[in-house]
>>> print(open('run05.txt').read())   # compact mmCIF, C-alpha atoms
# COMPACT_ATOMS: atom_id res chain seq x y z
CA MET W 1 64.14 105.13 71.01
CA SER W 2 66.64 107.69 69.66
CA ASN W 3 70.37 106.97 69.53
CA GLN W 4 70.88 109.50 72.33
CA GLU W 5 68.41 107.59 74.50
CA LYS W 6 70.01 104.28 73.59
CA LEU W 7 73.43 105.66 74.52
CA VAL W 8 72.24 106.95 77.89
CA GLN W 9 70.53 103.64 78.59
CA ALA W 10 73.68 101.70 77.65
CA PHE W 11 75.91 103.79 79.93
CA SER W 12 73.39 103.59 82.74
CA ASP W 13 73.06 99.81 82.46
CA ALA W 14 76.78 99.09 82.01
CA LEU W 15 78.03 101.36 84.76
CA GLY W 16 75.07 100.89 87.08
CA ILE W 17 74.44 104.63 87.44
CA ALA W 18 71.34 106.83 87.14
CA GLN W 19 70.54 108.05 83.64
CA ASP W 20 70.77 111.70 84.65
CA LEU W 21 74.45 111.18 85.47
CA VAL W 22 75.17 110.27 81.87
CA GLN W 23 76.29 113.67 80.59
CA ASP W 24 78.80 114.45 77.82
CA THR W 25 81.28 115.59 80.46
CA LEU W 26 81.31 112.28 82.36
CA GLU W 27 84.81 110.76 82.06
CA TYR W 28 86.36 107.35 82.56
CA ASN W 29 87.88 106.78 86.01
CA THR W 30 86.30 109.90 87.53
CA ILE W 31 83.57 107.95 89.29
CA LYS W 32 84.08 104.62 91.03
CA GLU W 33 81.43 102.96 88.85
CA TRP W 34 83.39 103.63 85.62
CA ASP W 35 86.51 101.58 86.24
CA SER W 36 88.33 99.26 83.86
CA THR W 37 85.97 96.32 84.34
CA ALA W 38 82.91 98.49 83.83
CA HIS W 39 84.60 99.97 80.77
CA MET W 40 84.73 96.53 79.18
CA VAL W 41 81.09 95.88 80.04
CA LEU W 42 80.24 99.28 78.56
CA ILE W 43 82.06 98.49 75.33
CA SER W 44 80.14 95.21 75.04
CA GLU W 45 76.86 97.03 75.69
CA LEU W 46 77.55 99.75 73.11
CA GLU W 47 78.58 97.16 70.53
CA THR W 48 75.37 95.23 71.08
CA VAL W 49 73.04 98.24 71.14
CA PHE W 50 74.53 99.88 68.05
CA ASP W 51 75.55 96.67 66.25
CA VAL W 52 79.17 97.71 65.76
CA MET W 53 82.58 96.23 66.58
CA LEU W 54 84.97 98.83 67.89
CA ASP W 55 88.70 98.87 67.12
CA THR W 56 91.07 98.59 70.06
CA ASP W 57 92.22 102.18 69.46
CA ASP W 58 88.62 103.33 69.86
CA ILE W 59 88.20 101.29 73.05
CA ILE W 60 91.28 103.02 74.44
CA ASP W 61 90.17 106.47 73.24
CA MET W 62 86.65 106.20 74.67
CA SER W 63 87.43 108.32 77.72
CA SER W 64 84.13 110.20 78.10
CA VAL W 65 80.49 110.17 77.04
CA ALA W 66 81.25 112.91 74.50
CA LYS W 67 84.13 110.86 73.12
CA ALA W 68 81.87 107.81 72.89
CA LYS W 69 79.48 109.77 70.67
CA SER W 70 82.32 110.98 68.50
CA ILE W 71 83.75 107.46 68.13
CA LEU W 72 80.36 105.91 67.39
CA GLY W 73 79.98 108.56 64.70
CA LYS W 74 82.84 106.90 62.84
CA TYR W 75 80.67 103.78 62.72
CA ASP W 76 77.77 105.75 61.19
CA VAL W 77 75.87 106.14 64.45
CA THR W 78 74.48 109.68 64.52
CA PHE W 79 73.35 111.71 67.53
CA MET B 1 99.56 87.07 72.26
CA ILE B 2 102.98 88.66 72.70
CA SER B 3 106.19 88.47 70.71
CA VAL B 4 109.55 88.48 72.42
CA ASN B 5 112.70 89.52 70.59
CA SER B 6 116.31 89.70 71.66
CA THR B 7 117.84 93.08 70.73
CA PRO B 8 121.29 94.57 71.39
CA GLY B 9 119.73 96.51 74.30
CA GLY B 10 117.98 93.50 75.80
CA ILE B 11 114.63 91.70 75.50
CA GLU B 12 111.90 93.57 73.61
CA VAL B 13 108.28 92.54 74.22
CA SER B 14 105.37 93.44 71.92
CA GLY B 15 101.64 92.88 72.36
CA TYR B 16 98.30 94.43 73.29
CA GLN B 17 99.06 97.50 71.11
CA ILE B 18 102.27 98.40 72.95
CA VAL B 19 106.01 97.64 72.77
CA LEU B 20 108.30 97.31 75.79
CA VAL B 21 111.71 98.62 74.69
CA PRO B 22 114.71 97.98 76.97
CA VAL B 23 115.82 101.21 78.67
CA GLN B 24 118.67 102.86 76.77
CA GLU B 25 120.77 105.94 77.40
CA HIS B 26 118.65 108.18 75.19
CA HIS B 27 115.60 107.46 77.38
CA LEU B 28 117.17 108.76 80.58
CA ASP B 29 116.16 112.44 80.40
CA LEU B 30 112.54 111.51 79.71
CA LEU B 31 112.50 108.85 82.44
CA ARG B 32 113.91 111.30 84.98
CA THR B 33 111.31 113.91 84.05
CA TRP B 34 108.52 111.38 84.52
CA ARG B 35 110.01 109.92 87.71
CA ASN B 36 110.31 113.38 89.26
CA SER B 37 106.79 114.47 88.34
CA ASP B 38 104.39 114.79 91.27
CA PHE B 39 101.98 112.25 89.77
CA VAL B 40 104.58 109.48 89.56
CA ARG B 41 106.69 110.39 92.59
CA GLN B 42 103.80 110.27 95.05
CA GLN B 43 103.21 106.59 94.15
CA MET B 44 106.83 105.64 94.85
CA VAL B 45 108.19 104.20 98.08
CA ASN B 46 111.10 106.64 97.70
CA THR B 47 109.50 109.99 96.93
CA GLN B 48 112.80 111.90 96.78
CA LEU B 49 113.69 113.75 93.59
CA ILE B 50 116.29 111.93 91.50
CA ASN B 51 119.13 113.96 89.97
CA GLU B 52 121.10 113.22 86.82
CA ALA B 53 124.10 111.79 88.68
CA GLN B 54 121.95 109.42 90.75
CA GLN B 55 120.18 108.25 87.65
CA GLY B 56 123.48 107.79 85.82
CA ALA B 57 124.77 105.57 88.64
CA TRP B 58 121.53 103.57 88.54
CA PHE B 59 121.80 103.09 84.79
CA THR B 60 125.44 102.01 85.00
CA LYS B 61 124.56 99.41 87.63
CA LEU B 62 121.61 98.25 85.56
CA LYS B 63 123.85 97.22 82.67
CA THR B 64 125.47 94.45 84.72
CA ASP B 65 122.60 93.62 87.09
CA SER B 66 120.81 90.46 86.00
CA SER B 67 118.33 90.66 88.89
CA GLN B 68 116.24 93.37 87.22
CA GLN B 69 115.03 94.39 83.78
CA HIS B 70 113.62 97.80 82.83
CA TRP B 71 111.67 98.91 79.78
CA VAL B 72 110.15 102.04 78.30
CA VAL B 73 106.53 101.53 77.22
CA TYR B 74 105.75 102.66 73.66
CA TYR B 75 102.22 103.15 72.35
CA LYS B 76 101.92 104.10 68.68
CA ASP B 77 105.69 104.78 68.57
CA THR B 78 105.41 107.23 71.47
CA PRO B 79 106.98 106.59 74.88
CA ILE B 80 104.24 106.76 77.53
CA GLY B 81 105.69 105.12 80.62
CA ALA B 82 108.09 102.68 82.19
CA THR B 83 107.91 99.19 83.59
CA ASN B 84 110.28 96.77 85.25
CA ILE B 85 110.69 93.44 87.00
CA ARG B 86 113.12 92.52 89.74
CA THR B 87 113.92 89.71 92.13
CA SER B 88 113.99 90.31 95.86
CA ASP B 89 117.18 88.36 96.57
CA ASN B 90 119.49 89.28 93.65
CA THR B 91 118.72 86.03 91.84
CA PRO B 92 118.96 86.58 88.08
CA VAL B 93 115.55 87.30 86.55
CA SER B 94 116.03 84.33 84.23
CA GLU B 95 116.25 81.97 87.22
CA ALA B 96 113.53 83.50 89.38
CA GLU B 97 110.44 81.69 90.60
CA GLU B 98 108.89 84.93 91.83
CA LEU B 99 109.26 88.51 90.59
CA ALA B 100 108.17 91.97 91.68
CA PRO B 101 106.84 94.13 88.85
CA GLY B 102 106.68 97.92 88.67
CA LEU B 103 104.88 100.29 86.31
CA TYR B 104 104.08 103.93 85.90
CA ILE B 105 102.47 105.86 83.08
CA GLY B 106 104.48 109.07 82.77
CA GLU B 107 102.68 110.69 79.87
CA PRO B 108 99.78 112.68 81.41
CA LYS B 109 97.49 112.04 78.44
CA TYR B 110 97.48 108.31 79.20
CA GLN B 111 97.34 108.38 82.98
CA GLY B 112 94.07 106.85 84.17
CA ASN B 113 93.44 105.42 80.70
CA ILE B 114 92.54 101.81 79.93
CA ILE B 115 95.83 101.58 77.96
CA ALA B 116 97.60 101.38 81.34
CA PHE B 117 96.68 97.68 81.39
CA ALA B 118 98.47 96.93 78.12
CA PRO B 119 102.10 97.09 79.31
CA THR B 120 101.18 95.03 82.37
CA LEU B 121 99.53 92.33 80.29
CA ALA B 122 102.54 92.17 77.97
CA LEU B 123 104.94 92.08 80.91
CA TYR B 124 103.01 89.44 82.86
CA ASP B 125 102.64 87.22 79.79
CA TYR B 126 106.41 87.49 79.38
CA CYS B 127 106.99 86.61 83.05
CA PHE B 128 104.61 83.66 83.19
CA ASP B 129 104.98 82.25 79.67
CA TYR B 130 108.63 82.96 78.82
CA LEU B 131 110.40 83.25 82.16
CA LYS B 132 108.12 80.53 83.60
CA ILE B 133 107.84 82.10 87.01
CA ASN B 134 105.30 80.88 89.57
CA ALA B 135 104.05 84.18 90.97
CA LEU B 136 104.31 87.95 90.98
CA ARG B 137 104.50 89.96 94.18
CA ALA B 138 103.49 93.62 94.49
CA GLU B 139 104.02 95.99 97.40
CA VAL B 140 101.54 98.87 97.48
CA LYS B 141 101.19 101.81 99.84
CA GLN B 142 98.07 101.40 101.99
CA ASP B 143 96.63 104.69 100.78
CA ASN B 144 97.24 103.95 97.10
CA ILE B 145 93.69 102.74 96.45
CA ALA B 146 94.05 103.11 92.68
CA ALA B 147 97.02 100.73 92.61
CA MET B 148 95.23 98.32 94.92
CA ASN B 149 92.18 98.22 92.66
CA TYR B 150 94.34 98.00 89.55
CA ASN B 151 96.20 94.99 90.93
CA LYS B 152 93.03 93.22 91.99
CA LYS B 153 91.75 93.46 88.41
CA LEU B 154 94.84 91.49 87.44
CA GLY B 155 94.05 88.65 89.83
CA TYR B 156 96.17 89.74 92.80
CA ARG B 157 95.12 88.74 96.31
CA GLU B 158 96.23 90.47 99.49
CA VAL B 159 98.59 88.26 101.50
CA ASP B 160 99.97 90.68 104.11
CA ARG B 161 99.29 94.17 105.44
CA LYS B 162 101.89 96.10 107.41
CA ASP B 163 103.31 99.51 106.44
CA MET B 164 102.84 98.28 102.89
CA VAL B 165 100.20 95.93 101.52
CA THR B 166 101.63 92.80 99.91
CA LEU B 167 99.68 91.28 97.04
CA MET B 168 100.43 88.15 95.06
CA VAL B 169 99.12 86.61 91.84
CA ASP B 170 99.88 83.25 90.26
CA ARG B 171 99.54 82.25 86.63
CA GLU B 172 96.06 80.74 86.95
CA SER B 173 94.51 83.70 88.75
CA TYR B 174 96.13 86.12 86.32
CA ARG B 175 94.81 84.24 83.31
CA ALA B 176 91.32 83.85 84.75
CA ASP B 177 90.96 87.50 85.75
CA THR B 178 92.35 89.07 82.57
CA THR B 179 90.48 87.10 79.92
CA MET B 180 88.05 89.90 79.09
CA ILE B 181 90.48 92.79 79.08
CA LYS B 182 92.92 90.82 76.93
CA ARG B 183 90.19 90.18 74.42
CA PHE B 184 89.47 93.87 74.05
CA LEU B 185 93.13 94.87 73.82
CA SER B 186 93.97 92.17 71.27
CA ARG B 187 91.67 93.06 68.38
>>> encode(input="run05.txt", output="structure tokens")
Amino acid sequence: MSNQEKLVQAFSDALGIAQDLVQDTLEYNTIKEWDSTAHMVLISELETVFDVMLDTDDIIDMSSVAKAKSILGKYDVTF
Amino acid sequence: MISVNSTPGGIEVSGYQIVLVPVQEHHLDLLRTWRNSDFVRQQMVNTQLINEAQQGAWFTKLKTDSSQQHWVVYYKDTPIGATNIRTSDNTPVSEAEELAPGLYIGEPKYQGNIIAFAPTLALYDYCFDYLKINALRAEVKQDNIAAMNYNKKLGYREVDRKDMVTLMVDRESYRADTTMIKRFLSR
């Protein structure tokens, strides 16, 4: 499974949304499924899937799917 | 989790990546700009625009009013919002058993961001652990679904519904419901 596929799967599982909704433009708090609680579940999922531990600043900055990719890039996860 | 320091301007609270700095005169222009913005004003009970004279009178009263405390929220040395606590019966905050908190994020970049929880966590820790209050009470407009959901994430339960919805949270519910978010904002 590619990192892109893993990312889509992680978002889909954590937020409980269909995979085709996981687009770069999807942003935190713009759909009811991506609220603060789901955000924490998402962070846990991404950390598990990509074997990283995100800084608090990155957790705060992770405001969209595109931003998630950019942040994970700092942890050597390439897309 | 938090540190509490007495400063010449009042009590300063730090934790969860943010600092609550007591409101000082040099904050007033920024606070008025935020308070009068559409985003913030529409969440207020009083949606009227506030002018400089009204704000000046408020600030003068604040200096000698022990029943409320107001702070500016700083994140990475940048002011992003404001928060406060007050008693409902003019009891000094330091003697209160119950307090009503208030918060808005004025900086557009951080509105709707997970960081909005940080000042609340710092403030509530201060209320429960330092002021030793029993409960917090929030009044929310019925149509303010975002605030309702936000408060429920903090352990609030609805206790009354009239023109405004009244929500309350005690120490145990707050602690139980914020364990996960605190962990993420405390790394």
>>> atom_distance(input="run05.txt", atom1="atom CA of Ser6 of chain B", atom2="atom CA of Gln55 of chain B")
24.8 Å
>>> interface_residues(input="run05.txt", of="chain W", to="chain B", cutoff="10 Å", atoms="all atoms listed in the file", output="VMD selection string")
chain W and resid 28 to 30 35 to 37 39 to 41 43 to 44 53 to 57 59 to 63
>>> write_last_selection(input="run05.txt", atoms="C-alpha atoms", output="PDB file, in the frame of the given file")
ATOM      1  CA  TYR W  28      86.360 107.350  82.560  1.00  0.00           C
ATOM      2  CA  ASN W  29      87.880 106.780  86.010  1.00  0.00           C
ATOM      3  CA  THR W  30      86.300 109.900  87.530  1.00  0.00           C
ATOM      4  CA  ASP W  35      86.510 101.580  86.240  1.00  0.00           C
ATOM      5  CA  SER W  36      88.330  99.260  83.860  1.00  0.00           C
ATOM      6  CA  THR W  37      85.970  96.320  84.340  1.00  0.00           C
ATOM      7  CA  HIS W  39      84.600  99.970  80.770  1.00  0.00           C
ATOM      8  CA  MET W  40      84.730  96.530  79.180  1.00  0.00           C
ATOM      9  CA  VAL W  41      81.090  95.880  80.040  1.00  0.00           C
ATOM     10  CA  ILE W  43      82.060  98.490  75.330  1.00  0.00           C
ATOM     11  CA  SER W  44      80.140  95.210  75.040  1.00  0.00           C
ATOM     12  CA  MET W  53      82.580  96.230  66.580  1.00  0.00           C
ATOM     13  CA  LEU W  54      84.970  98.830  67.890  1.00  0.00           C
ATOM     14  CA  ASP W  55      88.700  98.870  67.120  1.00  0.00           C
ATOM     15  CA  THR W  56      91.070  98.590  70.060  1.00  0.00           C
ATOM     16  CA  ASP W  57      92.220 102.180  69.460  1.00  0.00           C
ATOM     17  CA  ILE W  59      88.200 101.290  73.050  1.00  0.00           C
ATOM     18  CA  ILE W  60      91.280 103.020  74.440  1.00  0.00           C
ATOM     19  CA  ASP W  61      90.170 106.470  73.240  1.00  0.00           C
ATOM     20  CA  MET W  62      86.650 106.200  74.670  1.00  0.00           C
ATOM     21  CA  SER W  63      87.430 108.320  77.720  1.00  0.00           C
TER      22      SER W  63
END
>>> atom_distance(input="run05.txt", atom1="atom CA of Asp65 of chain B", atom2="atom CA of Ser88 of chain B")
12.7 Å
>>> atom_distance(input="run05.txt", atom1="atom CA of Thr91 of chain B", atom2="atom CA of Tyr126 of chain B")
17.6 Å
>>> closest_residue(input="run05.txt", among="B:Gly9, B:Gly155, B:Pro101, B:Pro79", to="Thr120 of chain B", atoms="all atoms listed in the file")
B:Pro101
>>> closest_residue(input="run05.txt", among="W:Glu27, W:Ala18, W:Tyr75, W:Met1", to="Glu47 of chain W", atoms="only C-alpha atoms")
W:Tyr75
>>> residues_around(input="run05.txt", residues="Ala66 of chain W", least_positions_apart="3", cutoff="7 Å", atoms="only C-alpha atoms", output="PyMOL selection string")
chain W and resi 24-25+69-70
>>> residues_around(input="run05.txt", residues="Gln142 of chain B", least_positions_apart="2", cutoff="10 Å", atoms="only C-alpha atoms", output="ChimeraX atom specification")
/B:139-140,144-145,147-148,161-166
>>> closest_residue(input="run05.txt", among="B:Leu30, B:Ile18, B:Ala135, B:Leu62", to="Leu121 of chain B", atoms="only C-alpha atoms")
B:Ile18
>>> closest_residue(input="run05.txt", among="B:Thr60, B:Gln43, B:Thr83, B:Ser67", to="Leu31 of chain B", atoms="only C-alpha atoms")
B:Thr83
>>> residues_around(input="run05.txt", residues="Glu97 of chain B", least_positions_apart="2", cutoff="7 Å", atoms="only C-alpha atoms", output="list in words")
Glu95, Leu99, Ile133, Asn134 and Ala135 of chain B
>>> residues_around(input="run05.txt", residues="Val8 of chain W", least_positions_apart="4", cutoff="9 Å", atoms="only C-alpha atoms", output="PDB file with C-alpha atoms, in the frame of the given file")
ATOM      1  CA  ASN W   3      70.370 106.970  69.530  1.00  0.00           C
ATOM      2  CA  GLN W   4      70.880 109.500  72.330  1.00  0.00           C
ATOM      3  CA  SER W  12      73.390 103.590  82.740  1.00  0.00           C
ATOM      4  CA  ASP W  13      73.060  99.810  82.460  1.00  0.00           C
ATOM      5  CA  GLN W  19      70.540 108.050  83.640  1.00  0.00           C
ATOM      6  CA  ASP W  20      70.770 111.700  84.650  1.00  0.00           C
ATOM      7  CA  LEU W  21      74.450 111.180  85.470  1.00  0.00           C
ATOM      8  CA  VAL W  22      75.170 110.270  81.870  1.00  0.00           C
ATOM      9  CA  GLN W  23      76.290 113.670  80.590  1.00  0.00           C
ATOM     10  CA  VAL W  65      80.490 110.170  77.040  1.00  0.00           C
TER      11      VAL W  65
END
>>> residues_around(input="run05.txt", residues="segment 68-75 of chain B", least_positions_apart="6", cutoff="6 Å", atoms="only C-alpha atoms", output="number ranges by chain")
B: 18-23, 81-86
>>> closest_residue(input="run05.txt", among="W:Leu26, W:Ala38, W:Ala68, W:Leu15", to="Phe50 of chain W", atoms="only C-alpha atoms")
W:Ala68
>>> closest_residue(input="run05.txt", among="B:Val159, B:Leu131, B:Leu123, B:Ala57", to="Ser14 of chain B", atoms="all atoms listed in the file")
B:Leu123
>>> build_atoms(input="run05.txt", residues="segment 31-57 of chain W", atoms="N, CA, C and O atoms", output="CSV table (one decimal), in the coordinates of the input")
chain,number,residue,atom,x,y,z
W,31,ILE,N,84.5,108.5,88.3
W,31,ILE,CA,83.6,108.0,89.3
W,31,ILE,C,83.9,106.5,89.5
W,31,ILE,O,84.4,105.8,88.6
W,32,LYS,N,83.6,106.0,90.7
W,32,LYS,CA,84.1,104.6,91.0
W,32,LYS,C,83.4,103.6,90.1
W,32,LYS,O,83.9,102.5,89.9
W,33,GLU,N,82.2,103.9,89.7
W,33,GLU,CA,81.4,103.0,88.8
W,33,GLU,C,82.1,102.8,87.5
W,33,GLU,O,81.8,101.7,86.8
W,34,TRP,N,82.8,103.8,87.0
W,34,TRP,CA,83.4,103.6,85.6
W,34,TRP,C,84.9,103.3,85.8
W,34,TRP,O,85.7,104.1,85.5
W,35,ASP,N,85.1,102.0,86.2
W,35,ASP,CA,86.5,101.6,86.2
W,35,ASP,C,86.8,100.7,85.0
W,35,ASP,O,86.0,100.6,84.1
W,36,SER,N,87.9,100.0,85.1
W,36,SER,CA,88.3,99.3,83.9
W,36,SER,C,87.4,98.1,83.5
W,36,SER,O,87.1,97.9,82.4
W,37,THR,N,86.9,97.4,84.6
W,37,THR,CA,86.0,96.3,84.3
W,37,THR,C,84.7,96.8,83.7
W,37,THR,O,84.2,96.3,82.7
W,38,ALA,N,84.1,97.9,84.3
W,38,ALA,CA,82.9,98.5,83.8
W,38,ALA,C,83.1,99.0,82.4
W,38,ALA,O,82.2,99.0,81.6
W,39,HIS,N,84.3,99.5,82.1
W,39,HIS,CA,84.6,100.0,80.8
W,39,HIS,C,84.4,98.9,79.7
W,39,HIS,O,83.9,99.1,78.7
W,40,MET,N,84.9,97.7,80.1
W,40,MET,CA,84.7,96.5,79.2
W,40,MET,C,83.3,96.1,79.0
W,40,MET,O,82.8,95.8,77.9
W,41,VAL,N,82.5,96.2,80.1
W,41,VAL,CA,81.1,95.9,80.0
W,41,VAL,C,80.4,96.9,79.2
W,41,VAL,O,79.5,96.6,78.3
W,42,LEU,N,80.8,98.2,79.4
W,42,LEU,CA,80.2,99.3,78.6
W,42,LEU,C,80.5,99.1,77.1
W,42,LEU,O,79.6,99.3,76.2
W,43,ILE,N,81.7,98.7,76.7
W,43,ILE,CA,82.1,98.5,75.3
W,43,ILE,C,81.2,97.4,74.7
W,43,ILE,O,80.6,97.5,73.6
W,44,SER,N,81.0,96.3,75.5
W,44,SER,CA,80.1,95.2,75.0
W,44,SER,C,78.7,95.7,74.8
W,44,SER,O,78.1,95.4,73.8
W,45,GLU,N,78.2,96.5,75.8
W,45,GLU,CA,76.9,97.0,75.7
W,45,GLU,C,76.7,97.9,74.5
W,45,GLU,O,75.7,97.8,73.7
W,46,LEU,N,77.6,98.8,74.3
W,46,LEU,CA,77.6,99.8,73.1
W,46,LEU,C,77.6,99.0,71.8
W,46,LEU,O,76.9,99.3,70.8
W,47,GLU,N,78.5,97.9,71.8
W,47,GLU,CA,78.6,97.2,70.5
W,47,GLU,C,77.3,96.4,70.2
W,47,GLU,O,76.9,96.3,69.1
W,48,THR,N,76.6,95.9,71.3
W,48,THR,CA,75.4,95.2,71.1
W,48,THR,C,74.3,96.2,70.7
W,48,THR,O,73.5,95.9,69.7
W,49,VAL,N,74.1,97.3,71.4
W,49,VAL,CA,73.0,98.2,71.1
W,49,VAL,C,73.1,98.9,69.7
W,49,VAL,O,72.1,99.0,69.1
W,50,PHE,N,74.4,99.2,69.3
W,50,PHE,CA,74.5,99.9,68.0
W,50,PHE,C,75.0,99.0,66.9
W,50,PHE,O,75.3,99.4,65.8
W,51,ASP,N,75.2,97.7,67.2
W,51,ASP,CA,75.6,96.7,66.2
W,51,ASP,C,76.8,97.1,65.5
W,51,ASP,O,76.9,97.1,64.3
W,52,VAL,N,77.9,97.4,66.3
W,52,VAL,CA,79.2,97.7,65.8
W,52,VAL,C,80.2,96.9,66.5
W,52,VAL,O,80.0,96.3,67.5
W,53,MET,N,81.4,96.8,65.9
W,53,MET,CA,82.6,96.2,66.6
W,53,MET,C,83.7,97.3,66.6
W,53,MET,O,84.2,97.6,65.5
W,54,LEU,N,84.0,97.7,67.8
W,54,LEU,CA,85.0,98.8,67.9
W,54,LEU,C,86.4,98.3,67.8
W,54,LEU,O,86.7,97.2,68.3
W,55,ASP,N,87.3,99.2,67.2
W,55,ASP,CA,88.7,98.9,67.1
W,55,ASP,C,89.3,99.1,68.5
W,55,ASP,O,88.8,99.9,69.3
W,56,THR,N,90.4,98.4,68.8
W,56,THR,CA,91.1,98.6,70.1
W,56,THR,C,91.4,100.1,70.3
W,56,THR,O,91.3,100.6,71.4
W,57,ASP,N,91.9,100.8,69.3
W,57,ASP,CA,92.2,102.2,69.5
W,57,ASP,C,91.0,103.0,70.0
W,57,ASP,O,91.1,103.9,70.8
